[in-house]
$ cat query.cif   # mmCIF, C-alpha atoms and all ligand atoms
data_structure
loop_
_atom_site.label_atom_id
_atom_site.label_comp_id
_atom_site.auth_asym_id
_atom_site.auth_seq_id
_atom_site.Cartn_x
_atom_site.Cartn_y
_atom_site.Cartn_z
CA MET A 2 -22.01 3.38 -19.53
CA ARG A 3 -21.85 0.29 -17.33
CA PHE A 4 -19.28 -0.32 -14.61
CA ILE A 5 -18.12 -2.62 -11.86
CA HIS A 6 -16.83 -1.04 -8.66
CA ALA A 7 -14.76 -3.03 -6.17
CA ALA A 8 -12.26 -2.12 -3.46
CA ASP A 9 -10.11 -3.51 -0.66
CA ILE A 10 -9.11 -6.71 -2.38
CA HIS A 11 -5.88 -6.93 -0.36
CA LEU A 12 -4.02 -9.22 -2.77
CA GLY A 13 -1.04 -10.77 -1.00
CA MET A 14 -2.68 -10.85 2.42
CA LYS A 15 -2.68 -14.04 4.51
CA PRO A 16 -5.72 -13.83 6.80
CA ASP A 17 -5.87 -15.70 10.14
CA LYS A 18 -2.13 -16.45 10.10
CA ASP A 19 -2.29 -18.97 12.96
CA LYS A 20 -5.18 -20.95 11.51
CA ALA A 21 -5.15 -24.06 9.32
CA TRP A 22 -7.04 -22.29 6.54
CA SER A 23 -4.73 -19.27 6.25
CA GLU A 24 -2.97 -20.31 3.01
CA MET A 25 -6.29 -21.34 1.51
CA ARG A 26 -7.77 -17.93 2.31
CA ALA A 27 -4.79 -16.21 0.66
CA ALA A 28 -5.46 -18.27 -2.47
CA GLU A 29 -9.18 -17.48 -2.31
CA ILE A 30 -8.51 -13.73 -2.19
CA GLU A 31 -6.73 -14.25 -5.51
CA SER A 32 -9.36 -16.52 -7.06
CA THR A 33 -12.28 -14.28 -6.09
CA PHE A 34 -10.49 -11.37 -7.76
CA ASP A 35 -10.17 -13.53 -10.88
CA LYS A 36 -13.88 -14.24 -10.64
CA LEU A 37 -14.52 -10.48 -10.59
CA ILE A 38 -12.44 -10.06 -13.74
CA ASP A 39 -14.40 -12.90 -15.38
CA ILE A 40 -17.68 -11.18 -14.51
CA ALA A 41 -16.44 -7.87 -15.94
CA GLU A 42 -15.49 -9.69 -19.13
CA GLU A 43 -18.77 -11.64 -19.37
CA ARG A 44 -20.82 -8.49 -18.93
CA LYS A 45 -18.47 -6.44 -21.10
CA VAL A 46 -18.69 -3.50 -18.72
CA ASP A 47 -17.07 -0.26 -19.85
CA LEU A 48 -15.20 0.37 -16.62
CA LEU A 49 -13.71 -1.61 -13.78
CA LEU A 50 -13.17 0.79 -10.88
CA LEU A 51 -10.82 -0.38 -8.12
CA ALA A 52 -11.05 2.06 -5.21
CA GLY A 53 -7.83 1.37 -3.34
CA ASP A 54 -6.07 -1.39 -1.38
CA VAL A 55 -5.98 -3.70 -4.38
CA PHE A 56 -2.79 -4.94 -2.72
CA HIS A 57 -2.27 -5.55 0.99
CA THR A 58 1.17 -3.88 0.90
CA PRO A 59 2.80 -1.63 -1.72
CA PRO A 60 3.34 -4.04 -4.64
CA ASP A 61 6.64 -4.93 -6.28
CA MET A 62 7.19 -5.26 -10.04
CA ALA A 63 6.27 -8.94 -10.09
CA GLN A 64 2.94 -8.28 -8.37
CA LEU A 65 2.13 -5.46 -10.75
CA LYS A 66 2.98 -7.65 -13.73
CA ASN A 67 0.61 -10.31 -12.40
CA LEU A 68 -2.16 -7.77 -12.00
CA ASP A 69 -1.47 -6.36 -15.46
CA TYR A 70 -1.64 -9.84 -17.00
CA ARG A 71 -4.93 -10.64 -15.30
CA LEU A 72 -6.47 -7.33 -16.37
CA SER A 73 -5.26 -7.87 -19.94
CA LYS A 74 -7.98 -10.55 -20.23
CA LEU A 75 -10.56 -7.78 -20.33
CA THR A 76 -11.40 -7.15 -23.98
CA ALA A 77 -14.03 -4.44 -23.59
CA THR A 78 -13.22 -2.93 -20.21
CA ARG A 79 -10.88 -0.23 -19.01
CA THR A 80 -9.64 -0.52 -15.45
CA ILE A 81 -9.08 2.59 -13.35
CA ILE A 82 -7.23 2.06 -10.07
CA ILE A 83 -6.32 4.28 -7.15
CA ALA A 84 -3.87 3.27 -4.43
CA GLY A 85 -5.11 3.16 -0.85
CA ASN A 86 -3.45 3.32 2.55
CA HIS A 87 -2.21 -0.27 2.28
CA ASP A 88 -0.77 -0.10 -1.23
CA TYR A 89 0.18 3.60 -1.20
CA ILE A 90 2.59 4.76 -3.91
CA GLU A 91 6.00 5.89 -2.74
CA GLU A 92 8.11 8.02 -5.02
CA ASP A 93 10.12 5.87 -7.46
CA SER A 94 8.46 2.70 -6.13
CA ALA A 95 7.33 -0.05 -8.48
CA SER A 96 3.79 1.34 -8.72
CA ASP A 97 5.12 4.85 -9.30
CA ILE A 98 7.03 3.82 -12.41
CA TYR A 99 5.15 0.78 -13.74
CA SER A 100 3.50 1.18 -17.10
CA PHE A 101 0.54 -1.10 -17.76
CA GLU A 102 0.21 -3.07 -20.96
CA SER A 103 -3.42 -3.86 -20.28
CA ASN A 104 -6.08 -1.21 -20.66
CA THR A 105 -5.42 0.08 -17.14
CA ILE A 106 -4.80 3.43 -15.53
CA LEU A 107 -3.36 3.74 -12.05
CA LEU A 108 -4.04 7.34 -11.08
CA PRO A 109 -0.97 9.23 -9.80
CA ARG A 110 -0.02 9.74 -6.18
CA ASP A 111 -0.83 12.63 -3.90
CA CYS A 112 -2.98 14.69 -6.25
CA PHE A 113 -6.32 14.51 -7.98
CA SER A 114 -6.22 13.74 -11.66
CA ASN A 115 -8.73 12.93 -14.35
CA ALA A 116 -8.94 10.04 -16.76
CA TYR A 117 -11.28 11.04 -19.58
CA MET A 118 -12.48 8.39 -22.00
CA GLU A 119 -14.00 9.91 -25.08
CA ASP A 120 -15.76 6.83 -26.44
CA ILE A 121 -17.85 6.49 -23.29
CA ASN A 122 -17.79 10.23 -22.54
CA THR A 123 -16.75 9.49 -18.98
CA CYS A 124 -14.34 11.32 -16.71
CA VAL A 125 -12.97 9.47 -13.69
CA THR A 126 -11.42 11.73 -11.06
CA GLY A 127 -9.34 10.14 -8.33
CA PHE A 128 -6.54 10.32 -5.81
CA SER A 129 -3.89 7.70 -5.06
CA TYR A 130 -2.35 7.56 -1.61
CA GLY A 131 1.29 8.61 -1.56
CA MET A 132 1.60 7.79 2.12
CA VAL A 133 -0.19 5.78 4.80
CA GLU A 134 -2.28 8.51 6.39
CA TYR A 135 -4.15 11.65 5.41
CA THR A 136 -5.66 13.51 8.33
CA GLN A 137 -6.83 16.36 6.06
CA ASP A 138 -9.91 16.08 3.91
CA VAL A 139 -8.18 16.38 0.54
CA THR A 140 -11.54 16.02 -1.22
CA GLU A 141 -12.59 19.44 0.01
CA ASN A 142 -13.87 21.69 -2.80
CA MET A 143 -13.58 18.88 -5.35
CA GLY A 144 -16.37 18.84 -7.89
CA ALA A 145 -17.36 17.19 -11.15
CA GLN A 146 -14.60 17.97 -13.62
CA MET A 147 -16.29 17.94 -17.01
CA GLU A 148 -19.51 19.41 -18.23
CA ASP A 149 -21.67 17.20 -20.46
CA ALA A 150 -19.77 14.08 -19.45
CA ILE A 151 -20.40 11.31 -16.95
CA ASN A 152 -18.31 12.21 -13.89
CA ILE A 153 -17.09 9.57 -11.48
CA PHE A 154 -15.17 10.21 -8.28
CA LEU A 155 -12.83 7.53 -6.95
CA VAL A 156 -11.75 7.94 -3.30
CA HIS A 157 -10.25 5.72 -0.64
CA GLY A 158 -10.86 6.64 2.98
CA GLY A 159 -13.53 8.08 5.22
CA ASP A 160 -12.14 7.81 8.73
CA GLU A 161 -10.15 10.32 10.79
CA THR A 162 -6.70 9.29 9.62
CA HIS A 163 -7.59 8.20 6.09
CA ILE A 164 -9.11 11.26 4.46
CA PRO A 165 -11.99 12.38 6.72
CA ILE A 166 -14.39 12.73 3.81
CA ASP A 167 -17.28 15.17 4.08
CA PHE A 168 -19.81 12.83 2.48
CA LYS A 169 -22.54 15.43 2.40
CA GLU A 170 -20.36 17.89 0.53
CA ILE A 171 -19.28 15.28 -2.00
CA ALA A 172 -22.85 14.14 -2.50
CA GLU A 173 -23.63 17.65 -3.69
CA ALA A 174 -20.49 18.08 -5.82
CA GLY A 175 -22.13 17.04 -9.08
CA PHE A 176 -20.66 13.58 -9.58
CA ASP A 177 -22.78 10.94 -11.25
CA TYR A 178 -21.24 8.33 -8.98
CA VAL A 179 -18.78 8.34 -6.08
CA ALA A 180 -16.89 5.03 -5.87
CA LEU A 181 -15.51 4.65 -2.36
CA GLY A 182 -13.03 2.25 -0.80
CA HIS A 183 -11.47 1.57 2.63
CA ILE A 184 -14.44 0.52 4.77
CA HIS A 185 -14.63 -3.26 4.46
CA LYS A 186 -18.34 -3.53 5.21
CA PRO A 187 -20.53 -2.80 2.16
CA LYS A 188 -22.37 0.47 2.68
CA HIS A 189 -24.59 2.67 0.55
CA MET A 190 -23.86 6.27 1.54
CA VAL A 191 -26.29 7.90 -0.87
CA LYS A 192 -28.74 5.79 -2.81
CA ASN A 193 -27.45 5.09 -6.32
CA ARG A 194 -24.85 7.85 -5.94
CA MET A 195 -22.20 6.93 -3.43
CA ALA A 196 -21.19 3.60 -1.93
CA TYR A 197 -18.56 1.39 -0.37
CA PRO A 198 -18.64 -2.02 -2.06
CA GLY A 199 -16.75 -3.48 0.94
CA SER A 200 -13.89 -5.94 0.67
CA LEU A 201 -14.19 -8.67 -1.94
CA GLU A 202 -13.55 -11.43 0.61
CA PRO A 203 -13.90 -10.98 4.38
CA LEU A 204 -10.37 -10.52 5.71
CA ASP A 205 -10.67 -11.20 9.44
CA CYS A 206 -13.13 -12.61 11.95
CA THR A 207 -14.75 -9.22 12.60
CA GLU A 208 -15.85 -9.06 8.94
CA THR A 209 -18.98 -11.16 9.28
CA GLY A 210 -21.58 -11.33 6.53
CA ARG A 211 -21.25 -11.49 2.76
CA ARG A 212 -18.76 -9.48 0.72
CA GLY A 213 -18.86 -8.45 -2.92
CA PHE A 214 -18.90 -5.69 -5.50
CA ILE A 215 -21.12 -3.07 -7.10
CA TYR A 216 -22.53 -3.30 -10.60
CA GLY A 217 -23.76 0.00 -11.94
CA GLN A 218 -24.97 1.93 -14.89
CA CYS A 219 -25.03 5.64 -15.79
CA LEU A 220 -27.66 6.27 -18.41
CA ASN A 221 -29.29 9.56 -19.49
CA GLY A 222 -28.13 11.38 -16.39
CA GLU A 223 -29.33 8.67 -14.05
CA THR A 224 -27.16 6.25 -12.09
CA ARG A 225 -28.32 2.88 -10.83
CA ILE A 226 -26.22 0.57 -8.70
CA LYS A 227 -26.66 -2.89 -7.29
CA TRP A 228 -24.46 -4.66 -4.76
CA GLU A 229 -23.73 -8.31 -5.54
CA PRO A 230 -22.16 -10.89 -3.21
CA LEU A 231 -19.11 -12.77 -4.48
CA ASN A 232 -17.09 -14.05 -1.50
CA CYS A 233 -16.60 -17.81 -1.25
CA ARG A 234 -16.53 -18.06 2.55
CA SER A 235 -18.00 -16.01 5.41
CA TYR A 236 -17.23 -15.56 9.08
CA ILE A 237 -20.25 -16.50 11.19
CA ASN A 238 -20.84 -15.86 14.88
CA LEU A 239 -22.77 -18.89 16.02
CA GLY A 240 -24.52 -18.37 19.34
CA PHE A 241 -25.82 -21.50 21.02
CA GLU A 242 -28.14 -21.75 24.01
CA VAL A 243 -27.16 -24.82 26.02
CA LYS A 244 -29.82 -26.51 28.14
CA PRO A 245 -29.05 -28.37 31.40
CA GLU A 246 -30.46 -31.64 30.06
CA TYR A 247 -28.03 -31.77 27.09
CA SER A 248 -25.18 -34.25 27.21
CA GLY A 249 -21.79 -33.23 25.82
CA ALA A 250 -22.28 -35.40 22.73
CA GLN A 251 -25.70 -33.87 22.14
CA ILE A 252 -24.27 -30.35 22.26
CA ILE A 253 -21.65 -31.31 19.66
CA ASP A 254 -24.32 -32.98 17.52
CA ILE A 255 -26.58 -29.94 17.50
CA LEU A 256 -23.64 -27.68 16.65
CA CYS A 257 -22.68 -30.00 13.76
CA ARG A 258 -26.18 -29.85 12.34
CA GLN A 259 -26.28 -26.06 12.57
CA ILE A 260 -22.92 -25.75 10.80
CA GLU A 261 -24.05 -28.19 8.08
CA LYS A 262 -27.15 -26.06 7.59
CA MET A 263 -25.35 -22.71 7.50
CA GLY A 264 -22.56 -23.96 5.24
CA THR A 265 -19.50 -26.07 6.05
CA GLU A 266 -17.30 -23.73 3.99
CA ASN A 267 -17.80 -20.86 6.45
CA ILE A 268 -15.57 -19.96 9.39
CA TYR A 269 -17.30 -20.14 12.76
CA ARG A 270 -16.91 -18.41 16.10
CA ILE A 271 -18.99 -20.40 18.55
CA LEU A 272 -20.46 -18.81 21.64
CA LEU A 273 -22.01 -21.17 24.19
CA GLN A 274 -24.51 -19.65 26.58
CA GLY A 275 -27.22 -20.87 28.92
CA ASN A 276 -27.03 -23.53 31.63
CA ILE A 277 -24.96 -26.64 31.22
CA GLY A 278 -25.57 -29.84 33.18
CA ASN A 279 -23.34 -30.51 36.16
CA GLY A 280 -20.02 -31.99 35.03
CA VAL A 281 -20.93 -31.89 31.32
CA LYS A 282 -17.80 -31.22 29.25
CA PRO A 283 -18.39 -31.28 25.48
CA ASP A 284 -15.42 -32.61 23.50
CA PHE A 285 -14.89 -30.12 20.67
CA SER A 286 -11.96 -31.93 19.02
CA GLN A 287 -14.09 -33.60 16.31
CA LEU A 288 -15.85 -30.35 15.56
CA LYS A 289 -12.54 -28.51 15.18
CA LEU A 290 -11.21 -31.25 12.94
CA LYS A 291 -14.24 -31.32 10.67
CA TYR A 292 -15.09 -27.63 10.29
CA ASN A 293 -13.42 -24.22 10.24
CA ILE A 294 -13.74 -23.21 13.90
CA TYR A 295 -12.10 -19.88 14.64
CA ASP A 296 -12.70 -20.07 18.37
CA ILE A 297 -15.14 -21.30 21.00
CA SER A 298 -16.18 -19.16 23.95
CA ASP A 299 -17.88 -20.95 26.77
CA ASN A 300 -20.11 -18.65 28.81
CA THR A 301 -22.35 -21.39 30.15
CA MET A 302 -23.26 -21.59 33.80
CA PHE A 303 -23.79 -24.77 35.75
CA GLU A 304 -27.39 -25.56 36.40
CA TYR A 305 -27.01 -25.65 40.17
CA ASN A 306 -29.16 -23.35 42.17
CA MET A 307 -26.70 -20.79 43.48
CA ASP A 308 -29.05 -19.71 46.33
CA LYS A 309 -29.45 -23.27 47.57
CA LEU A 310 -25.74 -23.91 47.24
CA LEU A 311 -25.06 -20.82 49.32
CA LEU A 312 -27.58 -21.85 51.97
CA ASP A 313 -26.10 -25.36 52.22
CA ASN A 314 -22.59 -24.01 52.54
CA GLU A 315 -23.14 -20.92 54.60
CA ASN A 316 -20.28 -21.60 56.99
CA ASN A 317 -17.60 -23.03 54.77
CA LEU A 318 -15.18 -21.98 52.02
CA MET A 319 -17.65 -22.51 49.20
CA GLY A 320 -20.25 -20.31 50.86
CA LYS A 321 -17.74 -17.57 51.46
CA PHE A 322 -16.47 -17.89 47.89
CA ILE A 323 -19.96 -17.64 46.38
CA LYS A 324 -20.87 -14.71 48.62
CA THR A 325 -17.74 -12.74 47.72
CA LEU A 326 -17.88 -13.27 43.98
CA SER A 327 -21.65 -12.81 43.64
CA GLU A 328 -21.28 -9.27 44.91
CA ALA A 329 -19.05 -8.21 42.00
CA ASP A 330 -21.25 -8.28 38.90
CA ASP A 331 -18.66 -8.38 36.15
CA GLU A 332 -17.60 -10.90 33.52
CA ILE A 333 -14.40 -12.02 35.27
CA SER A 334 -16.13 -12.55 38.62
CA ARG A 335 -18.90 -14.56 36.94
CA LYS A 336 -16.30 -16.78 35.28
CA ALA A 337 -14.30 -17.11 38.52
CA LEU A 338 -17.50 -18.06 40.34
CA LYS A 339 -18.31 -20.69 37.75
CA TYR A 340 -14.83 -22.23 37.67
CA GLY A 341 -14.41 -22.06 41.44
CA VAL A 342 -17.76 -23.66 42.25
CA GLU A 343 -17.13 -26.25 39.56
CA ALA A 344 -13.74 -27.13 41.01
CA MET A 345 -15.09 -27.37 44.57
CA LEU A 346 -18.04 -29.51 43.48
CA ALA A 347 -15.70 -31.77 41.52
CA THR A 348 -13.24 -32.29 44.39
CA GLY A 349 -15.90 -32.38 47.07
CA ASP A 350 -13.74 -30.02 49.15
CA LYS A 351 -15.87 -27.18 50.43
CA ARG A 352 -14.05 -26.39 53.63
MN MN B 1 -7.86 0.82 3.27
#
$ encode --input "query.cif" --output "structure tokens"
Amino acid sequence: MRFIHAADIHLGMKPDKDKAWSEMRAAEIESTFDKLIDIAEERKVDLLLLAGDVFHTPPDMAQLKNLDYRLSKLTATRTIIIAGNHDYIEEDSASDIYSFESNTILLPRDCFSNAYMEDINTCVTGFSYGMVEYTQDVTENMGAQMEDAINIFLVHGGDETHIPIDFKEIAEAGFDYVALGHIHKPKHMVKNRMAYPGSLEPLDCTETGRRGFIYGQCLNGETRIKWEPLNCRSYINLGFEVKPEYSGAQIIDILCRQIEKMGTENIYRILLQGNIGNGVKPDFSQLKLKYNIYDISDNTMFEYNMDKLLLDNENNLMGKFIKTLSEADDEISRKALKYGVEAMLATGDKR
């Protein structure tokens, strides 16, 4: 029995709402999901397991019809879905009453139920959210449901307010595989037995690194899984050590080359550190125009020798300013010191 396990697709979400690429990212969430369906079809897997938050918000009829249509392209694969905290099933809501035409089962809300498929002798046990939060571990005392069958457990959650799962207990509950959802970073909880595939596309700037799905196989009582990347764009934190001899144009040029090397499709958060030459102000407008720049933090310090500056200005405003702010060793004071000294050097007014 071969399967694909994915979760946290968040169809309908528009990431980075204030950024130029927001609409494009919304479309990519859709197209990467289509890619996943294509892969399931190519490999003719027996099961497609979707472990919650397929939708970003509880879906309406039209969204469910779209999903149903897309899943109907699978000719050899059954899809088993649970609802998560984002797409929880309210009583009499669209997902509560929708009946799929494709070979798809959306497990019911607020209780554990089993989907047994005789031809592949596999029992999938799962729980759909019926509300946003579960502070109780509803998985307590759950175990493999069928003897002499492949048993798969489908659960969304794992933090305090979204089913605080006792992973150790579940690991020993006799399931051949536990397909988790909710945590957006891919994570193997127990080797070949229990895993979060992570979101299919990264959904905000904190979700750095690749995203993808799990391809697995249960054969003769043994489960093997492999995580595969699928996302089309990644968030990258790009740290850059500025040197005092760099001109502004040179800084921009080096950043361009790094971005070209790491992939122009990615979304960058740039962090400038180190010492910048006196009065050097890189012009980031071209960079922002050409690439996907999420933000730029400038933590550079001017190259001046603070001790010498203090000595030369012992009895004036600048000296007093440096002395006062140097004593407080926190981020804001460091920035204030930098901006203040910069302003006084620029105006030449130190009194
Ligand atoms: Mn979730």
$ residues_near_ligand --input "query.cif" --ligand "ligand MN 1 (chain B)" --cutoff "6 Å" --atoms "only C-alpha atoms and all ligand atoms" --output "ChimeraX atom specification"
/A:54,85-87,183
$ atom_distance --input "query.cif" --atom1 "atom CA of Leu311 of chain A" --atom2 "atom CA of Ile252 of chain A"
28.7 Å
$ residues_around --input "query.cif" --residues "Ser100 of chain A" --least-positions-apart "3" --cutoff "12 Å" --atoms "all atoms listed in the file" --output "list of chain:residue names"
A:Met62, A:Leu65, A:Lys66, A:Leu68, A:Asp69, A:Ala95, A:Ser96, A:Asp97, A:Ser103, A:Asn104, A:Thr105, A:Ile106, A:Leu107, A:Leu108, A:Pro109
$ atom_distance --input "query.cif" --atom1 "atom CA of Phe214 of chain A" --atom2 "atom CA of Asn238 of chain A"
22.9 Å
$ atom_distance --input "query.cif" --atom1 "atom CA of Cys219 of chain A" --atom2 "atom CA of Leu12 of chain A"
28.8 Å
$ residues_around --input "query.cif" --residues "segment 41-52 of chain A" --least-positions-apart "2" --cutoff "8 Å" --atoms "all atoms listed in the file" --output "PyMOL selection string"
chain A and resi 2-9+37-39+54-55+74-85+121+155-157+180-183
$ residues_around --input "query.cif" --residues "Ala28 of chain A" --least-positions-apart "2" --cutoff "12 Å" --atoms "all atoms listed in the file" --output "list in words"
His11, Leu12, Gly13, Met14, Lys15, Pro16, Trp22, Ser23, Glu24, Met25, Arg26, Ile30, Glu31, Ser32, Thr33, Phe34, Asp35, Glu202 and Cys233 of chain A
$ write_last_selection --input "query.cif" --atoms "C-alpha atoms" --output "compact mmCIF listing (two decimals), keeping the file's coordinate frame"
# COMPACT_ATOMS: atom_id res chain seq x y z
CA HIS A 11 -5.88 -6.93 -0.36
CA LEU A 12 -4.02 -9.22 -2.77
CA GLY A 13 -1.04 -10.77 -1.00
CA MET A 14 -2.68 -10.85 2.42
CA LYS A 15 -2.68 -14.04 4.51
CA PRO A 16 -5.72 -13.83 6.80
CA TRP A 22 -7.04 -22.29 6.54
CA SER A 23 -4.73 -19.27 6.25
CA GLU A 24 -2.97 -20.31 3.01
CA MET A 25 -6.29 -21.34 1.51
CA ARG A 26 -7.77 -17.93 2.31
CA ILE A 30 -8.51 -13.73 -2.19
CA GLU A 31 -6.73 -14.25 -5.51
CA SER A 32 -9.36 -16.52 -7.06
CA THR A 33 -12.28 -14.28 -6.09
CA PHE A 34 -10.49 -11.37 -7.76
CA ASP A 35 -10.17 -13.53 -10.88
CA GLU A 202 -13.55 -11.43 0.61
CA CYS A 233 -16.60 -17.81 -1.25
$ residues_around --input "query.cif" --residues "Gln251 of chain A" --least-positions-apart "3" --cutoff "12 Å" --atoms "all atoms listed in the file" --output "ChimeraX atom specification"
/A:243-248,254-258,277-278,281-285
$ closest_residue --input "query.cif" --among "A:Asp19, A:Glu119, A:Asp330, A:Asp299" --to "Phe241 of chain A" --atoms "only C-alpha atoms"
A:Asp299
$ residues_around --input "query.cif" --residues "Ser94 of chain A" --least-positions-apart "2" --cutoff "12 Å" --atoms "all atoms listed in the file" --output "list in words"
Pro59, Pro60, Asp61, Met62, Leu65, Asp88, Tyr89, Ile90, Glu91, Glu92, Ser96, Asp97, Ile98, Tyr99, Arg110, Gly131 and Met132 of chain A
$ closest_residue --input "query.cif" --among "A:Glu266, A:Asp205, A:Gln218, A:Thr224" --to "Phe176 of chain A" --atoms "all atoms listed in the file"
A:Thr224
$ decode --input "query.cif" --residues "segment 283-299 of chain A" --atoms "N, CA and C atoms" --output "short mmCIF file (atom, residue, chain, number, x, y, z; two decimals), in the first residue's frame"
data_model
loop_
_atom_site.label_atom_id
_atom_site.label_comp_id
_atom_site.auth_asym_id
_atom_site.auth_seq_id
_atom_site.Cartn_x
_atom_site.Cartn_y
_atom_site.Cartn_z
N PRO A 283 23.43 52.82 0.84
CA PRO A 283 23.06 52.04 -0.34
C PRO A 283 21.63 52.37 -0.79
N ASP A 284 21.43 52.44 -2.10
CA ASP A 284 20.10 52.72 -2.64
C ASP A 284 19.46 51.38 -3.02
N PHE A 285 18.48 50.97 -2.22
CA PHE A 285 17.89 49.63 -2.39
C PHE A 285 16.76 49.58 -3.41
N SER A 286 16.43 50.74 -4.03
CA SER A 286 15.23 50.78 -4.87
C SER A 286 15.30 49.79 -6.05
N GLN A 287 16.48 49.69 -6.68
CA GLN A 287 16.63 48.76 -7.81
C GLN A 287 16.45 47.31 -7.37
N LEU A 288 17.04 47.03 -6.22
CA LEU A 288 16.97 45.68 -5.66
C LEU A 288 15.52 45.29 -5.39
N LYS A 289 14.77 46.23 -4.81
CA LYS A 289 13.36 45.97 -4.47
C LYS A 289 12.51 45.81 -5.73
N LEU A 290 12.92 46.50 -6.78
CA LEU A 290 12.18 46.44 -8.03
C LEU A 290 12.41 45.10 -8.73
N LYS A 291 13.65 44.64 -8.64
CA LYS A 291 14.07 43.48 -9.42
C LYS A 291 13.74 42.15 -8.73
N TYR A 292 13.79 42.12 -7.42
CA TYR A 292 13.62 40.85 -6.70
C TYR A 292 12.48 40.94 -5.69
N ASN A 293 12.14 39.79 -5.09
CA ASN A 293 11.13 39.77 -4.04
C ASN A 293 11.80 40.05 -2.71
N ILE A 294 11.78 41.31 -2.28
CA ILE A 294 12.42 41.68 -1.02
C ILE A 294 11.32 41.92 0.01
N TYR A 295 11.29 41.08 1.01
CA TYR A 295 10.27 41.20 2.06
C TYR A 295 10.55 42.41 2.93
N ASP A 296 11.76 42.47 3.45
CA ASP A 296 12.19 43.67 4.18
C ASP A 296 13.72 43.71 4.28
N ILE A 297 14.23 44.88 4.66
CA ILE A 297 15.67 45.06 4.83
C ILE A 297 15.91 45.67 6.21
N SER A 298 16.66 44.96 7.04
CA SER A 298 17.02 45.53 8.34
C SER A 298 18.47 45.95 8.29
N ASP A 299 18.70 47.18 8.69
CA ASP A 299 20.06 47.70 8.65
C ASP A 299 20.61 47.80 10.08
#
